[in-house]
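structure18.txt (compact mmCIF, N, CA and C atoms)
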# COMPACT_ATOMS: atom_id res chain seq x y z
N MET Y 1 118.98 95.14 121.69
CA MET Y 1 118.79 94.75 123.07
C MET Y 1 117.40 94.16 123.19
N SER Y 2 117.30 92.97 123.68
CA SER Y 2 116.00 92.35 123.83
C SER Y 2 115.56 92.44 125.28
N ILE Y 3 114.27 92.50 125.47
CA ILE Y 3 113.70 92.58 126.81
C ILE Y 3 113.01 91.26 127.07
N ASN Y 4 113.47 90.57 128.07
CA ASN Y 4 112.88 89.29 128.43
C ASN Y 4 112.23 89.42 129.80
N ASN Y 5 111.11 88.76 129.94
CA ASN Y 5 110.43 88.68 131.23
C ASN Y 5 110.18 90.08 131.79
N ILE Y 6 109.50 90.91 131.03
CA ILE Y 6 109.35 92.32 131.35
C ILE Y 6 108.60 92.56 132.66
N ASN Y 7 107.63 91.71 133.00
CA ASN Y 7 106.86 91.91 134.23
C ASN Y 7 107.23 90.89 135.30
N ASN Y 8 108.35 90.26 135.15
CA ASN Y 8 108.82 89.25 136.10
C ASN Y 8 107.79 88.15 136.33
N THR Y 9 107.06 87.79 135.29
CA THR Y 9 106.12 86.69 135.40
C THR Y 9 106.80 85.44 134.88
N ASN Y 10 106.42 84.34 135.38
CA ASN Y 10 107.03 83.07 134.98
C ASN Y 10 106.12 82.36 134.00
N LYS Y 11 106.00 82.89 132.80
CA LYS Y 11 105.18 82.28 131.77
C LYS Y 11 106.01 81.21 131.07
N PRO Y 12 105.40 80.07 130.78
CA PRO Y 12 106.15 79.03 130.08
C PRO Y 12 106.46 79.47 128.66
N GLN Y 13 107.61 79.08 128.17
CA GLN Y 13 108.02 79.41 126.81
C GLN Y 13 107.31 78.48 125.83
N LEU Y 14 106.99 78.97 124.65
CA LEU Y 14 106.33 78.18 123.63
C LEU Y 14 107.33 77.25 122.97
N ASP Y 15 106.93 76.03 122.74
CA ASP Y 15 107.77 75.07 122.04
C ASP Y 15 107.41 75.17 120.55
N PRO Y 16 108.32 75.64 119.69
CA PRO Y 16 108.00 75.84 118.28
C PRO Y 16 107.51 74.57 117.59
N ALA Y 17 108.08 73.42 117.93
CA ALA Y 17 107.66 72.17 117.29
C ALA Y 17 106.23 71.83 117.68
N LYS Y 18 105.89 72.01 118.95
CA LYS Y 18 104.54 71.72 119.42
C LYS Y 18 103.53 72.69 118.80
N LEU Y 19 103.92 73.95 118.68
CA LEU Y 19 103.05 74.95 118.08
C LEU Y 19 102.78 74.63 116.62
N ALA Y 20 103.81 74.24 115.87
CA ALA Y 20 103.65 73.88 114.46
C ALA Y 20 102.73 72.68 114.32
N GLN Y 21 102.86 71.70 115.22
CA GLN Y 21 102.02 70.51 115.17
C GLN Y 21 100.56 70.87 115.43
N GLN Y 22 100.32 71.75 116.39
CA GLN Y 22 98.95 72.17 116.69
C GLN Y 22 98.34 72.94 115.53
N GLN Y 23 99.14 73.78 114.89
CA GLN Y 23 98.63 74.54 113.75
C GLN Y 23 98.29 73.61 112.60
N THR Y 24 99.12 72.60 112.37
CA THR Y 24 98.86 71.64 111.29
C THR Y 24 97.57 70.88 111.57
N GLN Y 25 97.37 70.46 112.81
CA GLN Y 25 96.15 69.73 113.17
C GLN Y 25 94.92 70.62 113.00
N THR Y 26 95.04 71.87 113.40
CA THR Y 26 93.92 72.80 113.28
C THR Y 26 93.57 73.03 111.82
N GLN Y 27 94.58 73.21 110.99
CA GLN Y 27 94.34 73.46 109.57
C GLN Y 27 93.72 72.25 108.89
N SER Y 28 94.21 71.05 109.21
CA SER Y 28 93.67 69.86 108.55
C SER Y 28 92.24 69.58 108.98
N SER Y 29 91.94 69.76 110.27
CA SER Y 29 90.56 69.54 110.71
C SER Y 29 89.67 70.67 110.25
N GLY Y 30 90.21 71.87 110.17
CA GLY Y 30 89.42 73.01 109.71
C GLY Y 30 89.07 72.92 108.24
N SER Y 31 89.98 72.39 107.41
CA SER Y 31 89.69 72.30 105.99
C SER Y 31 88.62 71.28 105.71
N ALA Y 32 88.55 70.21 106.50
CA ALA Y 32 87.50 69.21 106.33
C ALA Y 32 86.15 69.80 106.72
N ASN Y 33 86.15 70.58 107.77
CA ASN Y 33 84.90 71.18 108.22
C ASN Y 33 84.43 72.29 107.29
N THR Y 34 85.35 73.05 106.74
CA THR Y 34 84.95 74.18 105.90
C THR Y 34 84.42 73.73 104.56
N ALA Y 35 84.79 72.55 104.08
CA ALA Y 35 84.29 72.08 102.80
C ALA Y 35 82.79 71.88 102.88
N GLY Y 36 82.30 71.26 103.95
CA GLY Y 36 80.87 71.06 104.11
C GLY Y 36 80.16 72.34 104.49
N ALA Y 37 80.82 73.17 105.27
CA ALA Y 37 80.19 74.41 105.72
C ALA Y 37 80.08 75.42 104.59
N ALA Y 38 81.00 75.40 103.66
CA ALA Y 38 80.99 76.37 102.57
C ALA Y 38 79.77 76.18 101.68
N GLN Y 39 79.31 74.94 101.54
CA GLN Y 39 78.17 74.68 100.68
C GLN Y 39 76.88 75.21 101.31
N SER Y 40 76.78 75.13 102.65
CA SER Y 40 75.55 75.53 103.30
C SER Y 40 75.59 76.97 103.83
N ALA Y 41 76.75 77.60 103.78
CA ALA Y 41 76.88 78.94 104.34
C ALA Y 41 76.29 79.99 103.42
N ALA Y 42 75.81 81.08 104.03
CA ALA Y 42 75.28 82.21 103.26
C ALA Y 42 76.45 82.97 102.64
N PRO Y 43 76.18 83.78 101.62
CA PRO Y 43 77.27 84.55 101.00
C PRO Y 43 77.94 85.46 102.03
N ALA Y 44 79.23 85.65 101.88
CA ALA Y 44 79.99 86.48 102.82
C ALA Y 44 79.55 87.93 102.73
N LYS Y 45 79.53 88.58 103.87
CA LYS Y 45 79.14 90.00 103.91
C LYS Y 45 80.36 90.86 103.67
N GLN Y 46 80.15 92.01 103.09
CA GLN Y 46 81.20 92.98 102.85
C GLN Y 46 81.41 93.82 104.10
N ASP Y 47 82.65 94.16 104.41
CA ASP Y 47 82.94 95.05 105.52
C ASP Y 47 82.63 96.48 105.09
N SER Y 48 82.24 97.30 106.04
CA SER Y 48 81.99 98.70 105.73
C SER Y 48 82.40 99.56 106.91
N VAL Y 49 82.68 100.81 106.62
CA VAL Y 49 83.09 101.77 107.63
C VAL Y 49 82.24 103.02 107.47
N SER Y 50 81.78 103.57 108.58
CA SER Y 50 81.08 104.85 108.51
C SER Y 50 81.66 105.77 109.58
N LEU Y 51 81.86 107.00 109.21
CA LEU Y 51 82.44 107.99 110.12
C LEU Y 51 81.33 108.84 110.73
N THR Y 52 81.49 109.19 111.98
CA THR Y 52 80.52 110.07 112.63
C THR Y 52 80.66 111.46 112.03
N GLN Y 53 79.68 112.28 112.27
CA GLN Y 53 79.73 113.65 111.76
C GLN Y 53 80.92 114.40 112.33
N SER Y 54 81.24 114.16 113.59
CA SER Y 54 82.40 114.82 114.22
C SER Y 54 83.69 114.41 113.53
N ALA Y 55 83.82 113.13 113.20
CA ALA Y 55 85.03 112.65 112.52
C ALA Y 55 85.13 113.26 111.13
N GLN Y 56 84.00 113.40 110.44
CA GLN Y 56 84.01 114.02 109.12
C GLN Y 56 84.42 115.48 109.20
N GLN Y 57 83.92 116.19 110.21
CA GLN Y 57 84.29 117.60 110.39
C GLN Y 57 85.77 117.73 110.70
N LEU Y 58 86.29 116.85 111.55
CA LEU Y 58 87.70 116.87 111.88
C LEU Y 58 88.56 116.62 110.64
N ALA Y 59 88.15 115.68 109.81
CA ALA Y 59 88.88 115.39 108.58
C ALA Y 59 88.89 116.61 107.66
N ASN Y 60 87.76 117.31 107.57
CA ASN Y 60 87.69 118.52 106.74
C ASN Y 60 88.60 119.62 107.27
N VAL Y 61 88.62 119.80 108.59
CA VAL Y 61 89.48 120.83 109.20
C VAL Y 61 90.95 120.51 108.94
N GLN Y 62 91.32 119.23 109.08
CA GLN Y 62 92.71 118.83 108.83
C GLN Y 62 93.09 119.06 107.38
N LYS Y 63 92.16 118.78 106.48
CA LYS Y 63 92.43 118.98 105.05
C LYS Y 63 92.62 120.47 104.75
N LYS Y 64 91.74 121.29 105.29
CA LYS Y 64 91.85 122.74 105.06
C LYS Y 64 93.13 123.30 105.68
N GLY Y 65 93.52 122.77 106.85
CA GLY Y 65 94.74 123.22 107.51
C GLY Y 65 95.97 122.91 106.67
N GLY Y 66 95.95 121.78 106.00
CA GLY Y 66 97.08 121.40 105.15
C GLY Y 66 97.16 122.22 103.88
N GLU Y 67 96.02 122.78 103.46
CA GLU Y 67 95.98 123.57 102.23
C GLU Y 67 96.20 125.07 102.48
N ALA Y 68 96.22 125.48 103.74
CA ALA Y 68 96.32 126.91 104.06
C ALA Y 68 97.68 127.46 103.62
N PRO Y 69 97.65 128.67 103.07
CA PRO Y 69 98.92 129.27 102.65
C PRO Y 69 99.78 129.65 103.86
N VAL Y 70 101.09 129.56 103.70
CA VAL Y 70 102.02 129.87 104.78
C VAL Y 70 102.93 131.01 104.33
N ASN Y 71 103.02 132.03 105.17
CA ASN Y 71 103.92 133.14 104.90
C ASN Y 71 105.29 132.74 105.47
N GLN Y 72 106.09 132.07 104.65
CA GLN Y 72 107.35 131.51 105.12
C GLN Y 72 108.31 132.60 105.60
N GLU Y 73 108.25 133.78 105.01
CA GLU Y 73 109.13 134.87 105.44
C GLU Y 73 108.82 135.26 106.89
N LYS Y 74 107.54 135.36 107.22
CA LYS Y 74 107.14 135.71 108.58
C LYS Y 74 107.51 134.59 109.55
N VAL Y 75 107.32 133.36 109.14
CA VAL Y 75 107.69 132.21 109.99
C VAL Y 75 109.18 132.26 110.30
N ASP Y 76 109.99 132.52 109.28
CA ASP Y 76 111.44 132.58 109.47
C ASP Y 76 111.84 133.72 110.42
N ARG Y 77 111.18 134.89 110.27
CA ARG Y 77 111.47 136.01 111.16
C ARG Y 77 111.14 135.68 112.61
N LEU Y 78 109.98 135.03 112.82
CA LEU Y 78 109.58 134.67 114.17
C LEU Y 78 110.52 133.62 114.77
N LYS Y 79 110.92 132.64 113.97
CA LYS Y 79 111.86 131.63 114.46
C LYS Y 79 113.17 132.27 114.90
N LYS Y 80 113.65 133.20 114.09
CA LYS Y 80 114.91 133.88 114.40
C LYS Y 80 114.77 134.69 115.69
N ALA Y 81 113.66 135.43 115.82
CA ALA Y 81 113.44 136.25 117.01
C ALA Y 81 113.34 135.38 118.26
N ILE Y 82 112.68 134.25 118.16
CA ILE Y 82 112.55 133.35 119.31
C ILE Y 82 113.90 132.76 119.69
N SER Y 83 114.64 132.30 118.68
CA SER Y 83 115.94 131.66 118.97
C SER Y 83 116.94 132.66 119.55
N GLU Y 84 116.81 133.94 119.19
CA GLU Y 84 117.72 134.97 119.70
C GLU Y 84 117.21 135.61 120.99
N GLY Y 85 116.04 135.17 121.46
CA GLY Y 85 115.49 135.70 122.70
C GLY Y 85 114.91 137.09 122.57
N GLU Y 86 114.60 137.52 121.37
CA GLU Y 86 114.07 138.86 121.12
C GLU Y 86 112.55 138.90 121.00
N TYR Y 87 111.89 137.75 120.94
CA TYR Y 87 110.44 137.72 120.79
C TYR Y 87 109.77 137.97 122.12
N ARG Y 88 108.89 138.93 122.17
CA ARG Y 88 108.18 139.28 123.40
C ARG Y 88 106.67 139.11 123.19
N VAL Y 89 106.01 138.62 124.22
CA VAL Y 89 104.56 138.41 124.17
C VAL Y 89 103.90 139.41 125.09
N ASN Y 90 102.86 140.10 124.59
CA ASN Y 90 102.08 141.01 125.40
C ASN Y 90 100.94 140.20 126.03
N PRO Y 91 100.99 139.94 127.33
CA PRO Y 91 100.00 139.06 127.95
C PRO Y 91 98.56 139.57 127.85
N GLU Y 92 98.35 140.88 127.90
CA GLU Y 92 96.99 141.41 127.80
C GLU Y 92 96.39 141.17 126.42
N VAL Y 93 97.18 141.40 125.38
CA VAL Y 93 96.70 141.19 124.01
C VAL Y 93 96.42 139.70 123.80
N LEU Y 94 97.32 138.85 124.29
CA LEU Y 94 97.13 137.41 124.15
C LEU Y 94 95.85 136.96 124.87
N ALA Y 95 95.62 137.44 126.06
CA ALA Y 95 94.42 137.07 126.83
C ALA Y 95 93.16 137.51 126.10
N ASN Y 96 93.17 138.71 125.54
CA ASN Y 96 92.00 139.19 124.80
C ASN Y 96 91.73 138.33 123.56
N LYS Y 97 92.79 137.96 122.86
CA LYS Y 97 92.61 137.13 121.66
C LYS Y 97 92.09 135.74 122.03
N ILE Y 98 92.55 135.20 123.14
CA ILE Y 98 92.05 133.90 123.60
C ILE Y 98 90.57 134.01 123.96
N ALA Y 99 90.19 135.08 124.63
CA ALA Y 99 88.79 135.28 125.01
C ALA Y 99 87.90 135.40 123.78
N VAL Y 100 88.36 136.13 122.77
CA VAL Y 100 87.59 136.28 121.53
C VAL Y 100 87.44 134.93 120.84
N LEU Y 101 88.52 134.17 120.77
CA LEU Y 101 88.48 132.85 120.13
C LEU Y 101 87.51 131.92 120.85
N GLU Y 102 87.58 131.89 122.17
CA GLU Y 102 86.66 131.04 122.93
C GLU Y 102 85.21 131.45 122.72
N SER Y 103 84.95 132.74 122.67
CA SER Y 103 83.58 133.19 122.46
C SER Y 103 83.09 132.80 121.06
N GLN Y 104 83.97 132.82 120.08
CA GLN Y 104 83.60 132.40 118.73
C GLN Y 104 83.32 130.90 118.70
N ILE Y 105 84.15 130.12 119.37
CA ILE Y 105 83.97 128.67 119.40
C ILE Y 105 82.67 128.29 120.11
N LEU Y 106 82.41 128.95 121.24
CA LEU Y 106 81.23 128.64 122.03
C LEU Y 106 79.98 129.36 121.57
N GLY Y 107 80.13 130.29 120.63
CA GLY Y 107 78.98 131.02 120.12
C GLY Y 107 78.43 132.05 121.07
N VAL Y 108 79.31 132.57 121.96
CA VAL Y 108 78.91 133.57 122.94
C VAL Y 108 79.57 134.89 122.55
N LYS Y 109 78.82 135.98 122.72
CA LYS Y 109 79.41 137.28 122.41
C LYS Y 109 80.29 137.74 123.55
N ALA Y 110 81.47 138.26 123.21
CA ALA Y 110 82.43 138.71 124.23
C ALA Y 110 82.11 140.09 124.72
Write the structure described by the file as structure tokens, please.
Amino acid sequence: MSINNINNTNKPQLDPAKLAQQQTQTQSSGSANTAGAAQSAAPAKQDSVSLTQSAQQLANVQKKGGEAPVNQEKVDRLKKAISEGEYRVNPEVLANKIAVLESQILGVKA
């Protein structure tokens, strides 16, 4: 299924023959210009990428998370209990664990 005119705008359709002609003209004029420019141009620079410290830390956390051991037996038991409606959450214990985790993340004593 194709979607045409998605925003109900009346944009003119591109003429493939006209587009090909324009590209040919651009390439032919560009090749003449680049021959002279290549002789006087400085050497091309190499692209480089640098990651911020936060991005590096995130990459390390993701790597460690992928390497962490998984107790598949426990995972299977929990999946079964959830699917059968037998898994119960103690809200007080959960709230305390969240508070401890937040204090560890923020560096504040609970």
Have a look at CA of Asn90 (chain Y) and CA of Leu78 (chain Y) and let me know their distance in Å, one decimal. 14.9 Å
Computed interatomic separation between atom N of Leu106 (chain Y) and CA of Lys63 (chain Y) (Å):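 Distance reported for this atom pair: 21.5 Å.
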State, in Å with one decimal place, the distance from CA of Ala99 (chain Y) to atom N of Gln57 (chain Y).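 The value is 24.6 Å.
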